[in-house]
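See below for protein-v4.txt, which holds compact mmCIF, C-alpha atoms and all ligand atoms.
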# COMPACT_ATOMS: atom_id res chain seq x y z
CA MET W 26 -9.00 -7.37 16.13
CA ASP W 27 -11.59 -5.92 18.53
CA GLU W 28 -9.01 -3.74 20.22
CA LEU W 29 -8.70 -1.88 16.93
CA ALA W 30 -12.37 -0.87 16.77
CA GLY W 31 -12.72 2.85 16.39
CA ARG W 32 -9.17 3.24 15.13
CA VAL W 33 -7.26 3.66 11.91
CA SER W 34 -4.40 1.20 11.47
CA ALA W 35 -1.53 0.72 9.09
CA ILE W 36 -0.71 -2.99 8.87
CA VAL W 37 2.58 -4.33 7.49
CA LEU W 38 1.75 -7.22 5.14
CA GLY W 39 5.30 -7.91 3.99
CA ILE W 40 8.82 -6.58 4.59
CA LEU W 41 10.87 -8.14 1.75
CA GLN W 42 12.26 -6.71 -1.46
CA ASP W 43 10.11 -7.33 -4.53
CA ALA W 44 10.99 -11.01 -5.02
CA GLY W 45 10.35 -12.02 -1.40
CA LEU W 46 12.01 -14.73 0.66
CA PRO W 47 12.92 -17.31 -0.52
CA HIS W 48 14.23 -15.65 -3.66
CA ILE W 49 13.75 -17.46 -6.95
CA GLY W 50 16.68 -19.69 -7.80
CA CYS W 51 18.57 -18.83 -4.63
CA ARG W 52 20.33 -21.44 -2.54
CA CYS W 53 21.80 -19.08 0.03
CA ALA W 54 21.37 -20.43 3.55
CA ARG W 55 18.53 -18.01 4.29
CA CYS W 56 16.58 -18.92 1.15
CA ALA W 57 17.28 -22.65 1.40
CA ALA W 58 15.90 -22.59 4.95
CA ALA W 59 12.82 -20.67 3.79
CA PHE W 60 12.22 -23.19 0.97
CA ASP W 61 12.44 -26.02 3.50
CA HIS W 62 10.44 -24.25 6.23
CA PRO W 63 7.68 -22.10 4.71
CA GLU W 64 7.05 -20.46 8.10
CA GLN W 65 10.43 -18.75 7.59
CA ALA W 66 9.37 -17.29 4.24
CA GLY W 67 8.56 -13.61 3.96
CA ARG W 68 6.28 -11.62 1.69
CA ALA W 69 7.11 -8.65 -0.52
CA ALA W 70 6.78 -5.21 1.06
CA CYS W 71 3.18 -4.07 1.32
CA LEU W 72 1.21 -1.83 3.66
CA ALA W 73 -2.54 -1.90 4.31
CA LEU W 74 -4.57 0.97 5.73
CA VAL W 75 -7.67 -0.02 7.64
CA ASP W 76 -10.31 2.39 8.89
CA TRP W 77 -12.12 0.48 11.62
CA ARG W 78 -14.31 3.45 12.50
CA VAL W 79 -16.91 2.37 9.94
CA GLU W 80 -18.70 -0.91 9.37
CA PRO W 81 -17.58 -2.68 7.29
CA ALA W 82 -14.05 -1.38 7.78
CA GLN W 83 -12.54 0.40 4.80
CA VAL W 84 -9.34 -1.13 3.50
CA TRP W 85 -6.68 0.21 1.16
CA LEU W 86 -3.46 -1.41 0.00
CA ILE W 87 -0.21 0.20 -1.00
CA ASP W 88 1.07 -1.86 -3.94
CA ALA W 89 -0.14 -5.10 -5.47
CA THR W 90 2.71 -7.51 -4.79
CA PRO W 91 3.29 -11.00 -6.18
CA ASP W 92 2.19 -12.12 -2.68
CA VAL W 93 -1.15 -10.29 -2.85
CA LYS W 94 -3.11 -13.54 -2.54
CA GLY W 95 -1.86 -14.19 0.99
CA GLN W 96 -1.83 -10.51 1.84
CA LEU W 97 -5.55 -10.12 1.05
CA ASN W 98 -6.22 -13.22 3.12
CA ASP W 99 -4.36 -11.60 6.04
CA LEU W 100 -6.93 -8.80 5.80
CA ARG W 101 -9.95 -11.11 5.96
CA ALA W 102 -11.20 -9.73 9.29
CA ALA W 103 -11.10 -6.19 7.92
CA LEU W 104 -12.44 -6.97 4.45
CA GLY W 105 -15.29 -9.26 5.42
CA PRO W 106 -17.37 -11.15 2.87
CA HIS W 107 -18.14 -10.00 -0.64
CA PRO W 108 -21.70 -8.64 -0.65
CA GLY W 109 -22.82 -10.90 -3.51
CA ARG W 110 -20.58 -13.92 -2.87
CA PRO W 111 -20.35 -14.70 0.85
CA ALA W 112 -17.62 -17.32 0.37
CA ARG W 113 -15.36 -14.65 -1.14
CA LEU W 114 -13.65 -11.65 0.42
CA ARG W 115 -14.82 -8.15 -0.37
CA LEU W 116 -12.55 -6.17 -2.68
CA PRO W 117 -10.24 -3.65 -1.01
CA ASP W 118 -11.52 -0.08 -1.34
CA GLY W 119 -8.48 0.89 -3.36
CA ILE W 120 -4.90 0.07 -4.23
CA PHE W 121 -2.26 2.81 -4.39
CA LEU W 122 0.75 2.03 -6.58
CA THR W 123 4.22 3.33 -5.77
CA HIS W 124 5.82 2.37 -9.10
CA GLY W 125 6.01 -0.20 -11.86
CA HIS W 126 8.59 -2.67 -10.58
CA MET W 127 7.66 -6.31 -10.18
CA GLY W 128 7.16 -6.34 -6.43
CA HIS W 129 4.77 -3.41 -6.60
CA VAL W 130 2.53 -4.28 -9.56
CA GLY W 131 3.24 -8.02 -9.97
CA GLY W 132 0.05 -8.96 -8.14
CA LEU W 133 -2.26 -7.00 -10.42
CA PRO W 134 -2.99 -9.92 -12.78
CA GLN W 135 -4.48 -11.76 -9.79
CA PHE W 136 -7.38 -9.31 -9.99
CA GLY W 137 -8.01 -10.26 -13.64
CA PRO W 138 -10.29 -12.93 -15.09
CA GLU W 139 -8.07 -15.90 -14.15
CA GLY W 140 -8.04 -14.80 -10.52
CA LEU W 141 -10.39 -12.58 -8.53
CA ALA W 142 -12.21 -11.26 -11.64
CA ALA W 143 -12.55 -7.94 -9.84
CA ALA W 144 -15.23 -5.53 -10.97
CA GLY W 145 -14.65 -1.90 -10.13
CA LEU W 146 -11.29 -2.19 -8.38
CA ALA W 147 -10.09 1.34 -7.62
CA LEU W 148 -6.48 1.66 -8.72
CA HIS W 149 -4.64 4.86 -7.80
CA ALA W 150 -1.50 5.58 -9.81
CA SER W 151 0.33 8.35 -11.59
CA ALA W 152 -0.99 9.04 -15.07
CA ALA W 153 2.35 7.89 -16.50
CA LEU W 154 2.26 4.54 -14.69
CA ALA W 155 -1.38 4.01 -15.64
CA ASP W 156 -0.38 4.61 -19.26
CA VAL W 157 2.41 2.03 -19.04
CA ILE W 158 0.01 -0.57 -17.63
CA ARG W 159 -2.79 0.26 -20.06
CA GLY W 160 -0.36 0.26 -22.97
CA SER W 161 0.74 -3.35 -22.50
CA ALA W 162 -1.45 -5.88 -24.26
CA ILE W 163 -0.68 -8.55 -21.71
CA TRP W 164 -2.41 -6.54 -18.96
CA ARG W 165 -5.53 -6.00 -21.04
CA PRO W 166 -7.75 -8.80 -19.65
CA MET W 167 -7.49 -7.24 -16.20
CA LEU W 168 -8.26 -3.69 -17.31
CA ALA W 169 -12.00 -4.15 -17.67
CA GLY W 170 -12.27 -4.54 -13.91
CA ILE W 171 -10.21 -1.46 -13.02
CA VAL W 172 -11.40 2.04 -12.23
CA TRP W 173 -8.40 4.35 -12.49
CA HIS W 174 -7.75 7.24 -10.14
CA ARG W 175 -4.96 9.63 -11.03
CA LEU W 176 -2.36 10.50 -8.41
CA VAL W 177 -0.42 13.74 -8.65
CA ALA W 178 2.72 14.27 -6.56
CA GLY W 179 2.04 16.51 -3.60
CA GLU W 180 -1.76 16.38 -3.94
CA PRO W 181 -3.42 14.67 -0.95
CA VAL W 182 -6.23 12.19 -1.51
CA SER W 183 -8.88 12.23 1.20
CA LEU W 184 -9.82 8.66 2.13
CA ALA W 185 -12.17 9.35 5.03
CA PRO W 186 -12.61 12.03 7.69
CA SER W 187 -9.18 12.77 9.22
CA LEU W 188 -7.49 10.24 6.93
CA SER W 189 -5.56 11.19 3.81
CA ILE W 190 -2.73 9.87 1.67
CA THR W 191 -0.32 12.04 -0.29
CA PRO W 192 1.99 10.76 -3.05
CA LEU W 193 5.51 12.19 -2.98
CA ALA W 194 7.83 11.85 -5.98
CA VAL W 195 11.12 10.14 -5.10
CA PRO W 196 14.15 9.32 -7.29
CA HIS W 197 14.25 5.63 -8.22
CA ARG W 198 15.38 3.55 -11.22
CA ASP W 199 12.84 4.57 -13.85
CA GLU W 200 12.75 2.48 -17.03
CA TRP W 201 9.53 3.94 -18.42
CA GLY W 202 9.56 7.53 -17.24
CA ALA W 203 6.66 6.62 -14.97
CA GLY W 204 8.35 7.78 -11.76
CA THR W 205 8.12 6.45 -8.21
CA PHE W 206 5.99 7.61 -5.33
CA ALA W 207 6.48 7.43 -1.61
CA PHE W 208 3.30 7.94 0.40
CA ARG W 209 2.61 10.11 3.42
CA ILE W 210 -0.44 8.95 5.36
CA GLN W 211 -2.08 11.31 7.81
CA GLY W 212 -4.39 9.61 10.26
CA PRO W 213 -6.59 11.08 12.99
CA SER W 214 -3.70 11.28 15.45
CA ARG W 215 -0.47 10.15 13.77
CA SER W 216 1.25 10.25 10.41
CA LEU W 217 3.25 7.57 8.64
CA LEU W 218 5.73 7.86 5.78
CA TYR W 219 6.15 4.86 3.46
CA VAL W 220 9.23 4.83 1.20
CA PRO W 221 9.93 1.26 0.09
CA ASP W 222 12.17 2.17 -2.88
CA ILE W 223 14.55 5.08 -3.40
CA ASP W 224 17.95 5.28 -5.12
CA ARG W 225 19.77 7.67 -2.77
CA TRP W 226 18.45 9.81 0.05
CA GLN W 227 20.75 12.63 -1.08
CA GLU W 228 18.84 12.80 -4.40
CA TRP W 229 15.60 13.61 -2.55
CA PRO W 230 16.17 17.07 -1.05
CA ALA W 231 13.02 16.84 1.10
CA ALA W 232 13.99 13.49 2.64
CA ARG W 233 15.08 14.68 6.09
CA ALA W 234 12.28 17.20 6.50
CA THR W 235 9.71 14.64 5.35
CA VAL W 236 10.93 12.04 7.85
CA ALA W 237 11.07 14.70 10.58
CA ALA W 238 7.46 15.67 9.87
CA ALA W 239 6.18 12.10 10.20
CA ASP W 240 5.56 10.18 13.42
CA VAL W 241 6.88 6.96 11.91
CA ALA W 242 8.84 6.35 8.69
CA LEU W 243 8.98 2.98 6.95
CA VAL W 244 12.04 3.27 4.72
CA ASP W 245 14.00 1.39 2.07
CA ALA W 246 16.46 -1.07 3.67
CA THR W 247 17.06 -3.30 0.65
CA PHE W 248 20.78 -3.89 1.14
CA PHE W 249 22.98 -3.74 4.21
CA SER W 250 26.39 -3.80 2.53
CA VAL W 251 28.12 -4.10 -0.84
CA ALA W 252 29.19 -7.61 0.19
CA GLU W 253 25.66 -8.70 -0.79
CA LEU W 254 26.37 -7.57 -4.36
CA GLY W 255 29.82 -9.06 -4.80
CA GLY W 256 31.40 -5.78 -3.71
CA ARG W 257 29.58 -3.61 -6.29
CA PRO W 258 27.63 -0.61 -5.04
CA PRO W 259 23.87 -1.09 -5.52
CA VAL W 260 22.43 0.31 -8.75
CA ALA W 261 19.50 1.58 -6.74
CA HIS W 262 18.80 1.71 -2.99
CA PRO W 263 20.83 3.19 -0.13
CA LEU W 264 22.78 0.90 2.22
CA VAL W 265 21.27 0.46 5.68
CA PRO W 266 24.18 1.97 7.67
CA ASP W 267 24.09 5.05 5.42
CA THR W 268 20.34 5.37 5.98
CA LEU W 269 20.79 5.15 9.76
CA ASP W 270 23.45 7.87 9.56
CA TYR W 271 21.44 10.08 7.25
CA PHE W 272 18.43 10.15 9.57
CA ALA W 273 20.38 10.14 12.85
CA ALA W 274 18.35 13.12 14.10
CA ASP W 275 15.10 11.13 13.78
CA ILE W 276 16.43 7.64 14.24
CA SER W 277 13.67 6.44 16.55
CA LYS W 278 11.11 7.09 13.79
CA LEU W 279 12.82 4.73 11.33
CA VAL W 280 11.31 1.33 10.66
CA LEU W 281 13.23 -0.60 8.00
CA ILE W 282 11.36 -2.33 5.21
CA HIS W 283 11.92 -3.83 1.70
CA LEU W 284 14.89 -6.00 2.80
CA ASN W 285 16.52 -8.11 0.10
CA HIS W 286 16.91 -11.86 0.71
CA THR W 287 20.65 -11.19 0.99
CA ASN W 288 20.27 -8.69 3.87
CA PRO W 289 21.76 -10.18 7.07
CA ALA W 290 19.59 -7.85 9.17
CA LEU W 291 16.78 -10.34 8.42
CA ASP W 292 18.42 -12.84 10.76
CA ASP W 293 17.58 -12.87 14.45
CA GLY W 294 20.84 -12.67 16.32
CA SER W 295 22.90 -11.20 13.48
CA ALA W 296 25.39 -8.41 14.21
CA GLU W 297 23.71 -6.34 11.49
CA ARG W 298 20.29 -6.65 13.12
CA ALA W 299 21.80 -5.75 16.48
CA LEU W 300 23.44 -2.69 14.89
CA VAL W 301 20.06 -1.47 13.62
CA TYR W 302 18.41 -1.83 17.03
CA ALA W 303 21.43 -0.31 18.82
CA SER W 304 21.04 2.76 16.61
CA GLY W 305 17.48 3.28 17.84
CA ALA W 306 15.80 2.23 14.58
CA THR W 307 13.74 -0.95 14.22
CA ILE W 308 12.96 -3.48 11.49
CA ALA W 309 9.39 -3.93 10.28
CA ARG W 310 7.71 -7.23 10.99
CA GLN W 311 5.03 -8.89 8.87
CA GLY W 312 1.78 -8.34 10.78
CA GLN W 313 3.02 -5.25 12.64
CA VAL W 314 0.27 -2.70 13.27
CA PHE W 315 0.73 1.07 13.61
CA SER W 316 -2.17 3.02 15.07
CA LEU W 317 -2.76 6.23 13.19
ZN ZN F 1 10.75 -2.68 -4.70
ZN ZN F 2 18.85 -15.98 -0.98
ZN ZN F 3 11.68 -0.46 -7.44

Entire entry expressed as structure tokens:
Amino acid sequence: MDELAGRVSAIVLGILQDAGLPHIGCRCARCAAAFDHPEQAGRAACLALVDWRVEPAQVWLIDATPDVKGQLNDLRAALGPHPGRPARLRLPDGIFLTHGHMGHVGGLPQFGPEGLAAAGLALHASAALADVIRGSAIWRPMLAGIVWHRLVAGEPVSLAPSLSITPLAVPHRDEWGAGTFAFRIQGPSRSLLYVPDIDRWQEWPAARATVAAADVALVDATFFSVAELGGRPPVAHPLVPDTLDYFAADISKLVLIHLNHTNPALDDGSAERALVYASGATIARQGQVFSL
């Protein structure tokens, strides 16, 4: 990763909806193939921020997914060895949580005593989400290793010189009143918007202006059509063609992420994937790097 020295990067560590690909219990052709050929599997949506301008690089994650084990390993060059345990990776410098659904917090127990046994892991979350996590007895063994940092919608957090992250409240299925954040990341030369989960763009009045103000926007593309849900409209999440229409004015900024295992845009050569690219948008790829 020498070419990245002196830069700030956002690295895509997964592009799938919470449950990944293959999906538990699923025998659809896409999942069956991924069970048989693990190289076709895909990890849950996750973004890393790496500041290569310092040594060792500073590393932050957005969300702790059920695939966090492999995702941390993907960051081994950036993380480097743990200062006290050279055969282990250093802890990330912080994890920012979007919301409390499985794909976004399901990896947290890996940092507890049965897994990484993290000491001093910086966890950034809304006060309400932190309360939900702290209030559940089953999370308690992990809590001793966590240092909480409170996120407030609209208030930027400075990560390093010329690098900040701002949580933005977005409407999304909210079982605990803990809300959902998108994140706007401002790097030294470019900005990136990360919105893995939202119910409807129309319910977020700032959506278009926020996408327009960013250089690149990674956005919720969970479902392509109601056919994936037996003809029912999705309870949460916009449909991909509606998203492409809604942001037509900034289409080249859109990078689709958080695709469900049912989404045919996952397939190389599918008409749905071709439609996305013909529109001017693209689909995120695990391992994709954006220079900020
Ligand atoms: Zn999700
Ligand atoms: Zn499937
Ligand atoms: Zn969600």

*How would you write, as a PyMOL selection string, the set of residues no farther than 12 Å from ligand ZN 1 (chain F) when counting only C-alpha atoms and all ligand atoms?*
chain W and resi 39-45+68-71+87-91+122-131+197-199+205-207+220-224+244-248+261-262+282-285

*Identify which of the residues W:Gly294, W:Pro230, W:Pro196, W:Gly212 lies closest to ligand ZN 3 (chain F), counting only C-alpha atoms and all ligand atoms when measuring atom-to-atom distances.*
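Looking only at the distances to ligand ZN 3 (chain F), the closest residue turns out to be W:Pro196.
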
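The list of residues with at least one atom within 9 Å of W:Gly202, based on only C-alpha atoms and without residues fewer than 2 positions apart in the same chain, reads W:Ala153, W:Leu154, W:Asp199, W:Glu200, W:Gly204.
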
Selected residues written out, C-alpha atoms, as an mmCIF file, in the coordinates of the input:
data_model
loop_
_atom_site.group_PDB
_atom_site.id
_atom_site.type_symbol
_atom_site.label_atom_id
_atom_site.label_comp_id
_atom_site.auth_asym_id
_atom_site.auth_seq_id
_atom_site.Cartn_x
_atom_site.Cartn_y
_atom_site.Cartn_z
ATOM 1 C CA ALA W 153 2.350 7.890 -16.500
ATOM 2 C CA LEU W 154 2.260 4.540 -14.690
ATOM 3 C CA ASP W 199 12.840 4.570 -13.850
ATOM 4 C CA GLU W 200 12.750 2.480 -17.030
ATOM 5 C CA GLY W 204 8.350 7.780 -11.760
#

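Between atom CA of W:Ala169 and atom CA of W:Ala112 there is a distance of 23.0 Å.
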
*Residues within 7 Å of ligand ZN 2 (chain F), counting only C-alpha atoms and all ligand atoms: report them as a ChimeraX atom specification.*
/W:47-48,51-56,286-287

_Between W:Ala203, W:Val265, W:Leu281, W:Leu184, which residue has the minimum interatomic distance to ligand ZN 3 (chain F), considering all atoms listed in the file?_
W:Ala203

Padding of 6 Å on every side, edges along x, y and z, all listed atoms of stretch 105-115 of chain W included: what centre and edge lengths in Å, to one decimal, does that box have, as AutoDock Vina command-line options?
--center_x -18.2 --center_y -12.7 --center_z 1.0 --size_x 21.2 --size_y 21.2 --size_z 20.9

_For a test of reading the model, state the distance in Å between atom CA of W:Leu291 and atom CA of W:Ile308, rounded to one decimal._
8.4 Å

*Using only C-alpha atoms and all ligand atoms: which of W:Val280, W:Ala231, W:Val301, W:Val260 has the shortest distance to ligand ZN 3 (chain F)*: W:Val260

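The interatomic distance for the pair atom CA of W:Ala103 and atom CA of W:Val241 works out to 22.6 Å.
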
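A search radius of 7 Å centred on (-6.0, 2.1, 7.1), applied to all atoms listed in the file, returns the residues Val33, Ser34, Ala35, Ala73, Leu74, Val75, Asp76, Val84 and Trp85 of chain W.
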
*Which residue of W:Gly119, W:Trp226, W:Gln211, W:Ser161 approaches W:Trp173 most closely, using only C-alpha atoms*: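 Result for the nearest residue to W:Trp173: W:Gly119.
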
*With only C-alpha atoms as the basis for distance, which of W:Gly95, W:Gly160, W:Pro108, W:Pro258 is at the shortest distance from W:Gln135?*
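Selected residue with least distance to W:Gln135: W:Gly95.
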
*With a distance cut-off of 10 Å and only C-alpha atoms, select the neighbouring residues of W:Ser304, excluding the residue or stretch itself and same-chain residues fewer than 5 positions from it, and output the selection as a PyMOL selection string.*
chain W and resi 266+269-270+273+276-277+279+299

_Which residue is closest to ligand ZN 3 (chain F)? Choose from W:Ile120, W:Val195, W:Leu317, W:Leu217 and count all atoms listed in the file._
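Result for the nearest residue to ligand ZN 3 (chain F): W:Val195.
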